[in-house]
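Okay, coords10.pdb now, which holds PDB, C-alpha atoms and all ligand atoms:
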ATOM      1  CA  MET A 118      81.993  56.341 255.402
ATOM      2  CA  LYS A 119      81.033  52.989 256.834
ATOM      3  CA  SER A 120      83.579  50.807 258.547
ATOM      4  CA  PRO A 121      84.356  47.185 257.669
ATOM      5  CA  GLU A 122      82.066  46.250 260.596
ATOM      6  CA  ALA A 123      79.320  46.336 257.970
ATOM      7  CA  LEU A 124      80.380  42.830 257.054
ATOM      8  CA  ILE A 125      79.589  41.689 260.593
ATOM      9  CA  LEU A 126      76.285  43.490 260.328
ATOM     10  CA  THR A 127      75.607  41.522 257.158
ATOM     11  CA  LYS A 128      76.360  38.283 258.970
ATOM     12  CA  LYS A 129      74.098  39.250 261.870
ATOM     13  CA  ARG A 130      71.383  40.137 259.433
ATOM     14  CA  TYR A 131      71.584  36.676 257.921
ATOM     15  CA  LEU A 132      71.441  35.037 261.306
ATOM     16  CA  THR A 133      68.536  37.212 262.384
ATOM     17  CA  ASP A 134      66.633  36.658 259.167
ATOM     18  CA  ASP A 135      67.107  32.937 259.414
ATOM     19  CA  LEU A 136      66.243  32.775 263.100
ATOM     20  CA  GLU A 137      63.066  34.723 262.506
ATOM     21  CA  LYS A 138      61.869  32.073 260.113
ATOM     22  CA  ASP A 139      59.306  29.659 261.501
ATOM     23  CA  SER A 140      59.492  25.955 262.186
ATOM     24  CA  GLU A 141      60.843  25.245 258.714
ATOM     25  CA  MET A 142      64.116  26.513 260.128
ATOM     26  CA  SER A 143      64.916  23.233 261.875
ATOM     27  CA  ILE A 144      63.941  21.167 258.831
ATOM     28  CA  ASN A 145      66.129  23.298 256.597
ATOM     29  CA  SER A 146      69.031  23.855 258.972
ATOM     30  CA  GLN A 147      71.477  21.872 256.870
ATOM     31  CA  LEU A 148      70.383  23.268 253.550
ATOM     32  CA  LYS A 149      73.438  24.571 251.750
ATOM     33  CA  ILE A 150      72.781  24.547 248.016
ATOM     34  CA  ALA A 151      75.408  25.529 245.438
ATOM     35  CA  ILE A 152      74.251  26.465 241.934
ATOM     36  CA  ASP A 153      76.849  27.224 239.274
ATOM     37  CA  GLY A 154      76.607  27.836 235.565
ATOM     38  CA  PRO A 155      77.365  30.231 232.712
ATOM     39  CA  ALA A 156      75.539  33.478 231.889
ATOM     40  CA  GLY A 157      71.971  32.945 230.727
ATOM     41  CA  SER A 158      71.678  29.417 232.088
ATOM     42  CA  GLY A 159      68.760  30.564 234.253
ATOM     43  CA  LYS A 160      70.602  30.084 237.517
ATOM     44  CA  SER A 161      69.669  33.401 239.159
ATOM     45  CA  THR A 162      65.947  33.006 238.606
ATOM     46  CA  VAL A 163      66.033  29.337 239.549
ATOM     47  CA  ALA A 164      68.199  29.900 242.642
ATOM     48  CA  ARG A 165      65.947  32.713 243.898
ATOM     49  CA  GLU A 166      62.874  30.546 243.413
ATOM     50  CA  VAL A 167      64.392  27.471 245.081
ATOM     51  CA  ALA A 168      65.394  29.626 248.081
ATOM     52  CA  ALA A 169      61.885  31.087 248.316
ATOM     53  CA  ARG A 170      60.244  27.643 248.226
ATOM     54  CA  LEU A 171      62.587  26.340 250.929
ATOM     55  CA  ASN A 172      62.337  29.565 252.933
ATOM     56  CA  ILE A 173      66.103  30.049 253.082
ATOM     57  CA  ALA A 174      68.490  32.850 252.047
ATOM     58  CA  TYR A 175      69.590  33.461 248.467
ATOM     59  CA  ILE A 176      72.898  34.993 247.420
ATOM     60  CA  ASP A 177      73.821  36.023 243.882
ATOM     61  CA  THR A 178      77.639  36.115 244.016
ATOM     62  CA  GLY A 179      77.882  37.535 240.482
ATOM     63  CA  ALA A 180      76.307  40.703 241.902
ATOM     64  CA  MET A 181      79.337  41.110 244.175
ATOM     65  CA  TYR A 182      81.782  40.890 241.241
ATOM     66  CA  ARG A 183      79.564  43.337 239.375
ATOM     67  CA  ALA A 184      79.615  45.815 242.269
ATOM     68  CA  ILE A 185      83.404  45.914 242.480
ATOM     69  CA  THR A 186      83.544  46.251 238.684
ATOM     70  CA  LEU A 187      81.231  49.260 238.913
ATOM     71  CA  LYS A 188      83.557  50.808 241.479
ATOM     72  CA  LEU A 189      86.628  50.317 239.268
ATOM     73  CA  LEU A 190      84.777  51.779 236.280
ATOM     74  CA  ARG A 191      83.628  54.814 238.269
ATOM     75  CA  ARG A 192      87.149  55.404 239.579
ATOM     76  CA  ARG A 193      88.573  54.854 236.096
ATOM     77  CA  CYS A 194      90.807  52.140 237.503
ATOM     78  CA  ASP A 195      92.332  49.847 234.902
ATOM     79  CA  PRO A 196      92.117  46.187 236.088
ATOM     80  CA  VAL A 197      95.771  45.731 235.142
ATOM     81  CA  ASP A 198      96.741  48.296 237.812
ATOM     82  CA  HIS A 199      96.851  45.680 240.577
ATOM     83  CA  GLY A 200      98.091  48.070 243.279
ATOM     84  CA  ARG A 201      95.197  50.465 242.716
ATOM     85  CA  VAL A 202      92.714  47.576 242.552
ATOM     86  CA  GLU A 203      93.948  46.301 245.944
ATOM     87  CA  GLU A 204      93.686  49.794 247.398
ATOM     88  CA  LEU A 205      90.100  50.221 246.162
ATOM     89  CA  LEU A 206      89.189  46.751 247.407
ATOM     90  CA  LYS A 207      90.399  47.649 250.904
ATOM     91  CA  GLN A 208      88.252  50.774 250.937
ATOM     92  CA  THR A 209      85.112  49.011 249.699
ATOM     93  CA  VAL A 210      82.331  47.841 251.985
ATOM     94  CA  LEU A 211      79.957  45.506 250.199
ATOM     95  CA  GLU A 212      76.702  44.225 251.618
ATOM     96  CA  VAL A 213      74.552  41.701 249.822
ATOM     97  CA  LEU A 214      71.141  41.393 251.387
ATOM     98  CA  PRO A 215      69.098  38.186 251.403
ATOM     99  CA  GLY A 216      66.391  39.845 249.255
ATOM    100  CA  GLY A 217      68.966  40.472 246.513
ATOM    101  CA  ARG A 218      69.791  44.156 247.054
ATOM    102  CA  VAL A 219      73.452  45.145 246.833
ATOM    103  CA  ILE A 220      74.805  48.013 248.930
ATOM    104  CA  MET A 221      78.280  49.361 248.190
ATOM    105  CA  ASP A 222      79.782  51.947 250.551
ATOM    106  CA  GLY A 223      76.278  52.720 251.759
ATOM    107  CA  GLU A 224      74.829  53.222 248.243
ATOM    108  CA  ASP A 225      72.188  50.921 246.772
ATOM    109  CA  VAL A 226      73.802  49.809 243.490
ATOM    110  CA  THR A 227      71.330  47.006 242.686
ATOM    111  CA  ALA A 228      70.278  48.559 239.377
ATOM    112  CA  ALA A 229      73.610  50.174 238.461
ATOM    113  CA  ILE A 230      75.496  46.855 238.469
ATOM    114  CA  ARG A 231      73.353  45.594 235.541
ATOM    115  CA  ALA A 232      74.508  48.365 233.170
ATOM    116  CA  PRO A 233      75.983  47.291 229.785
ATOM    117  CA  GLU A 234      79.413  48.765 230.738
ATOM    118  CA  VAL A 235      79.495  46.468 233.773
ATOM    119  CA  ASN A 236      78.448  43.457 231.650
ATOM    120  CA  ALA A 237      81.311  44.172 229.305
ATOM    121  CA  ALA A 238      83.995  44.610 231.996
ATOM    122  CA  VAL A 239      83.049  42.189 234.769
ATOM    123  CA  SER A 240      84.809  39.029 233.529
ATOM    124  CA  ARG A 241      88.136  40.862 233.401
ATOM    125  CA  VAL A 242      87.687  42.066 236.976
ATOM    126  CA  ALA A 243      86.439  38.689 238.239
ATOM    127  CA  GLU A 244      89.628  36.989 237.106
ATOM    128  CA  LEU A 245      91.860  39.150 239.346
ATOM    129  CA  PRO A 246      93.193  37.033 242.246
ATOM    130  CA  ALA A 247      92.870  39.887 244.792
ATOM    131  CA  VAL A 248      89.227  40.418 243.845
ATOM    132  CA  ARG A 249      88.470  36.692 244.062
ATOM    133  CA  ARG A 250      90.147  36.389 247.468
ATOM    134  CA  LYS A 251      88.025  39.146 248.958
ATOM    135  CA  MET A 252      84.772  37.963 247.387
ATOM    136  CA  VAL A 253      85.288  34.295 248.287
ATOM    137  CA  GLN A 254      86.153  35.171 251.888
ATOM    138  CA  GLN A 255      83.024  37.288 252.283
ATOM    139  CA  GLN A 256      80.867  34.636 250.609
ATOM    140  CA  GLN A 257      82.241  31.929 252.903
ATOM    141  CA  GLU A 258      81.494  34.084 255.948
ATOM    142  CA  ILE A 259      77.933  34.610 254.752
ATOM    143  CA  ALA A 260      77.492  30.864 254.080
ATOM    144  CA  ALA A 261      78.886  29.937 257.502
ATOM    145  CA  ALA A 262      76.571  32.393 259.240
ATOM    146  CA  SER A 263      73.466  31.171 257.405
ATOM    147  CA  ALA A 264      71.282  28.357 258.652
ATOM    148  CA  GLY A 265      70.190  27.609 255.098
ATOM    149  CA  ILE A 266      71.298  29.192 251.845
ATOM    150  CA  VAL A 267      71.160  28.908 248.075
ATOM    151  CA  MET A 268      74.314  30.491 246.684
ATOM    152  CA  GLU A 269      74.806  30.853 242.956
ATOM    153  CA  GLY A 270      77.797  31.788 240.830
ATOM    154  CA  ARG A 271      80.675  30.166 238.954
ATOM    155  CA  ASP A 272      82.868  28.671 241.694
ATOM    156  CA  ILE A 273      80.438  27.927 244.503
ATOM    157  CA  ALA A 274      80.732  24.127 244.397
ATOM    158  CA  SER A 275      84.458  24.160 243.672
ATOM    159  CA  THR A 276      85.701  26.906 246.003
ATOM    160  CA  VAL A 277      83.152  28.779 248.111
ATOM    161  CA  MET A 278      81.110  25.869 249.529
ATOM    162  CA  PRO A 279      82.906  22.657 248.489
ATOM    163  CA  GLN A 280      81.304  20.974 251.518
ATOM    164  CA  ALA A 281      77.732  21.823 250.362
ATOM    165  CA  PRO A 282      75.626  18.665 250.312
ATOM    166  CA  HIS A 283      73.632  19.839 247.279
ATOM    167  CA  LYS A 284      75.478  20.965 244.150
ATOM    168  CA  PHE A 285      73.992  21.826 240.773
ATOM    169  CA  TYR A 286      75.385  23.067 237.472
ATOM    170  CA  LEU A 287      72.891  24.652 235.084
ATOM    171  CA  ASP A 288      73.705  24.916 231.416
ATOM    172  CA  ALA A 289      71.957  25.689 228.110
ATOM    173  CA  SER A 290      73.001  26.078 224.505
ATOM    174  CA  LEU A 291      74.752  29.351 223.669
ATOM    175  CA  PRO A 292      71.995  30.582 221.269
ATOM    176  CA  VAL A 293      69.322  29.984 223.916
ATOM    177  CA  ARG A 294      71.360  31.742 226.608
ATOM    178  CA  ALA A 295      71.968  34.707 224.305
ATOM    179  CA  GLN A 296      68.268  34.844 223.446
ATOM    180  CA  ARG A 297      67.305  34.874 227.151
ATOM    181  CA  ARG A 298      69.833  37.615 227.986
ATOM    182  CA  SER A 299      68.878  39.902 225.093
ATOM    183  CA  GLN A 300      65.203  39.481 225.993
ATOM    184  CA  GLU A 301      66.000  40.375 229.618
ATOM    185  CA  GLN A 302      67.854  43.512 228.494
ATOM    186  CA  GLN A 303      65.007  44.515 226.183
ATOM    187  CA  ASP A 304      62.474  44.040 228.987
ATOM    188  CA  LYS A 305      64.538  46.481 231.049
ATOM    189  CA  GLY A 306      64.516  49.026 228.217
ATOM    190  CA  LEU A 307      68.204  48.430 227.460
ATOM    191  CA  PRO A 308      67.962  47.145 223.894
ATOM    192  CA  LEU A 309      70.948  45.019 222.986
ATOM    193  CA  SER A 310      70.890  43.044 219.778
ATOM    194  CA  TYR A 311      70.902  39.258 219.822
ATOM    195  CA  GLU A 312      74.183  39.232 217.864
ATOM    196  CA  ASN A 313      75.946  41.520 220.332
ATOM    197  CA  THR A 314      74.661  39.532 223.298
ATOM    198  CA  PHE A 315      75.726  36.273 221.640
ATOM    199  CA  HIS A 316      79.303  37.509 221.167
ATOM    200  CA  GLU A 317      79.485  39.076 224.625
ATOM    201  CA  ILE A 318      78.325  35.868 226.348
ATOM    202  CA  LYS A 319      80.678  33.756 224.230
ATOM    203  CA  GLU A 320      83.608  35.938 225.264
ATOM    204  CA  ARG A 321      82.554  35.894 228.939
ATOM    205  CA  ASP A 322      82.274  32.089 228.822
ATOM    206  CA  ARG A 323      85.802  31.927 227.467
ATOM    207  CA  ILE A 324      87.295  34.233 230.105
ATOM    208  CA  ASP A 325      85.309  32.626 232.972
ATOM    209  CA  SER A 326      86.382  29.087 231.993
ATOM    210  CA  GLU A 327      89.988  29.797 231.062
ATOM    211  CA  ARG A 328      91.039  31.965 234.005
ATOM    212  CA  SER A 329      93.615  30.401 236.306
ATOM    213  CA  HIS A 330      91.807  31.072 239.622
ATOM    214  CA  SER A 331      88.601  29.089 240.248
ATOM    215  CA  PRO A 332      87.492  28.821 236.618
ATOM    216  CA  LEU A 333      83.928  27.913 235.752
ATOM    217  CA  ALA A 334      83.946  24.113 235.814
ATOM    218  CA  ILE A 335      81.801  21.158 236.801
ATOM    219  CA  THR A 336      83.091  19.619 240.031
ATOM    220  CA  PRO A 337      82.600  15.933 240.944
ATOM    221  CA  GLY A 338      79.362  15.240 242.797
ATOM    222  CA  THR A 339      77.495  17.975 240.924
ATOM    223  CA  ALA A 340      74.172  17.344 239.192
ATOM    224  CA  VAL A 341      74.183  18.891 235.709
ATOM    225  CA  ILE A 342      70.874  20.210 234.380
ATOM    226  CA  ASP A 343      70.576  21.259 230.736
ATOM    227  CA  THR A 344      67.895  23.963 230.818
ATOM    228  CA  THR A 345      67.822  24.534 227.028
ATOM    229  CA  SER A 346      64.304  23.202 226.609
ATOM    230  CA  LEU A 347      63.067  23.371 230.188
ATOM    231  CA  THR A 348      60.887  25.997 231.866
ATOM    232  CA  ILE A 349      62.041  27.700 235.071
ATOM    233  CA  GLU A 350      59.420  25.714 236.992
ATOM    234  CA  GLU A 351      60.691  22.417 235.582
ATOM    235  CA  VAL A 352      64.256  23.228 236.651
ATOM    236  CA  VAL A 353      63.077  24.317 240.117
ATOM    237  CA  GLN A 354      61.176  21.044 240.498
ATOM    238  CA  LEU A 355      64.189  18.961 239.423
ATOM    239  CA  ILE A 356      66.328  20.677 242.057
ATOM    240  CA  LEU A 357      63.728  20.419 244.834
ATOM    241  CA  GLN A 358      63.149  16.727 244.092
ATOM    242  CA  ARG A 359      66.853  15.970 244.252
ATOM    243  CA  VAL A 360      67.360  18.008 247.431
ATOM    244  CA  ASN A 361      64.445  16.187 249.069
ATOM    245  CA  ARG A 362      65.786  12.787 248.001
ATOM    246  CA  GLN A 363      69.252  13.624 249.362
ATOM    247  CA  LYS A 364      67.768  14.775 252.671
ATOM    248  CA  ASP A 365      66.057  11.387 253.250
TER     249      ASP A 365
HETATM  250  O1  LIG B 401      76.304  35.723 236.981
HETATM  251  P1  LIG B 401      76.745  37.091 236.469
HETATM  252  O2  LIG B 401      76.573  37.273 234.999
HETATM  253  O3  LIG B 401      76.101  38.209 237.235
HETATM  254  O4  LIG B 401      78.309  37.139 236.788
HETATM  255  C1  LIG B 401      79.082  38.264 236.492
HETATM  256  C2  LIG B 401      80.538  37.879 236.289
HETATM  257  O5  LIG B 401      81.115  37.513 237.533
HETATM  258  C3  LIG B 401      80.812  36.739 235.318
HETATM  259  O6  LIG B 401      81.744  37.165 234.348
HETATM  260  C4  LIG B 401      81.438  35.665 236.110
HETATM  261  C5  LIG B 401      81.836  36.313 237.400
HETATM  262  N1  LIG B 401      81.567  35.469 238.558
HETATM  263  C6  LIG B 401      82.596  34.716 239.048
HETATM  264  O7  LIG B 401      83.694  34.733 238.490
HETATM  265  N2  LIG B 401      82.406  33.949 240.155
HETATM  266  C7  LIG B 401      81.216  33.905 240.751
HETATM  267  N3  LIG B 401      81.036  33.153 241.842
HETATM  268  C8  LIG B 401      80.131  34.661 240.236
HETATM  269  C9  LIG B 401      80.337  35.421 239.118
END

As structure tokens, how would this structure be written, given the file I've shared?
Amino acid sequence: MKSPEALILTKKRYLTDDLEKDSEMSINSQLKIAIDGPAGSGKSTVAREVAARLNIAYIDTGAMYRAITLKLLRRRCDPVDHGRVEELLKQTVLEVLPGGRVIMDGEDVTAAIRAPEVNAAVSRVAELPAVRRKMVQQQQEIAAASAGIVMEGRDIASTVMPQAPHKFYLDASLPVRAQRRSQEQQDKGLPLSYENTFHEIKERDRIDSERSHSPLAITPGTAVIDTTSLTIEEVVQLILQRVNRQKD
């Protein structure tokens, strides 16, 4: 089993990846971009694209909460059993790679963390203070070690990178978000009806915004983008324009 040094390896990997990038590195050296928003707001696709255009790292923090949820499900650990959760957290080595792959205890769980069982359970796990502490600490270490990064999630602007110079909150109407998510699931061959997706997202919104630790919220200084009737490219352009204006 791997040791917790894997976290350091992750940090080194970020540094190395960033250092290997060409001259854009110096231009982008202060690029810390926080993107928050609810499920189906388009933030993962947009964040990945913005990072690619700016040639900087991209981190999907939801994937980290999903990975630990998968572990609890596999170990049949009830989230209310806080002692067991803490124990499993201590034994878990999570690596999130700049390309988006997620490695847990040496296993590539990138696909497994998108399973319907994980979708259904993740909000309950993400509200546990011990889980949040570990995830936020690791995310802050990754952000500090990166020359430039787009990090997306629910609490990036409020908690993980409150000092980030560029903060965005993406939103969209609930029906549109549910439509996007059920389409995504169908494209992956995991048919989930629109109605089920609608209710699942509504419930996740409620848990994510009402939890006591770092709830989903819009922090001051954040640009809100309603993506309901925008294409991915339009949202990417809005973000890049604002980042460029703020850099000047
Ligand atoms: O973005 P997503 O659907 O993959 O997120 C999965 C869950 O993790 C979601 O219920 C909210 C939670 N999450 C969180 O609490 N904080 C983050 N920074 C990212 C995700």

So that I can check the surroundings of Asp225 (chain A), please list as a PyMOL selection string every protein, DNA and RNA residue that reaches within 12 Å of it, counting all atoms listed in the file and ignoring chain neighbours fewer than 2 positions away. chain A and resi 184+210-214+217-223+227-230

Which residues are near ligand LIG 401 (chain B) - at most 6 Å, using all atoms listed in the file? Format: as an NGL selection string. :A and (156 or 178-180 or 182-183 or 239-240 or 243 or 270-273 or 321 or 325)

Expand the PyMOL selection byres (((chain A and resi 275) around 10) and not hetatm) into the individual residues it matches in the shown file, reporting them as JSON, numbers by chain. {"A": [151, 153, 271, 272, 273, 274, 276, 277, 278, 279, 280, 281, 284, 331, 332, 333, 334, 335, 336, 337, 339]}

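Applied to this file, the PyMOL selection byres (((chain A and resi 249-261) around 8) and not hetatm) selects Leu124, Thr127, Lys128, Tyr131, Lys149, Thr178, Met181, Tyr182, Leu206, Ala243, Glu244, Leu245, Pro246, Ala247, Val248, Ala262, Ser263, Ala264, Ile266, Thr276, Val277, Met278 and His330 of chain A.
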
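Rounded to one decimal, CA of Val202 (chain A) and CA of Val235 (chain A) lie 15.9 Å from each other.
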
CA of Gly216 (chain A) and CA of Tyr175 (chain A), how far apart in Å? 7.2 Å

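Comparing A:Arg294, A:Arg191, A:Arg359, A:Arg201 by their smallest distance to Val341 (chain A), the closest is A:Arg359 (using all atoms listed in the file).
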
Result set, the PyMOL selection byres (((chain A and resi 345-355) around 7) and not hetatm) on current file, as a PDB file with C-alpha atoms, in the frame of the given file:
ATOM      1  CA  VAL A 163      66.033  29.337 239.549  1.00  0.00           C
ATOM      2  CA  VAL A 167      64.392  27.471 245.081  1.00  0.00           C
ATOM      3  CA  ALA A 289      71.957  25.689 228.110  1.00  0.00           C
ATOM      4  CA  SER A 290      73.001  26.078 224.505  1.00  0.00           C
ATOM      5  CA  VAL A 293      69.322  29.984 223.916  1.00  0.00           C
ATOM      6  CA  ASP A 343      70.576  21.259 230.736  1.00  0.00           C
ATOM      7  CA  THR A 344      67.895  23.963 230.818  1.00  0.00           C
ATOM      8  CA  ILE A 356      66.328  20.677 242.057  1.00  0.00           C
ATOM      9  CA  LEU A 357      63.728  20.419 244.834  1.00  0.00           C
ATOM     10  CA  GLN A 358      63.149  16.727 244.092  1.00  0.00           C
ATOM     11  CA  ARG A 359      66.853  15.970 244.252  1.00  0.00           C
TER      12      ARG A 359
END

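Note that the spacing between CA of Gln208 (chain A) and CA of Val267 (chain A) amounts to 27.9 Å.
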
Test item: residues at most 7 Å from Ser161 (chain A), only C-alpha atoms, excluding those fewer than 2 positions along its chain, as a PyMOL selection string: chain A and resi 159+163-165+177+269

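Shortest atom-to-atom contact with Leu187 (chain A) among A:Glu224, A:Asp304, A:Glu327, A:Glu166: A:Glu224, counting all atoms listed in the file.
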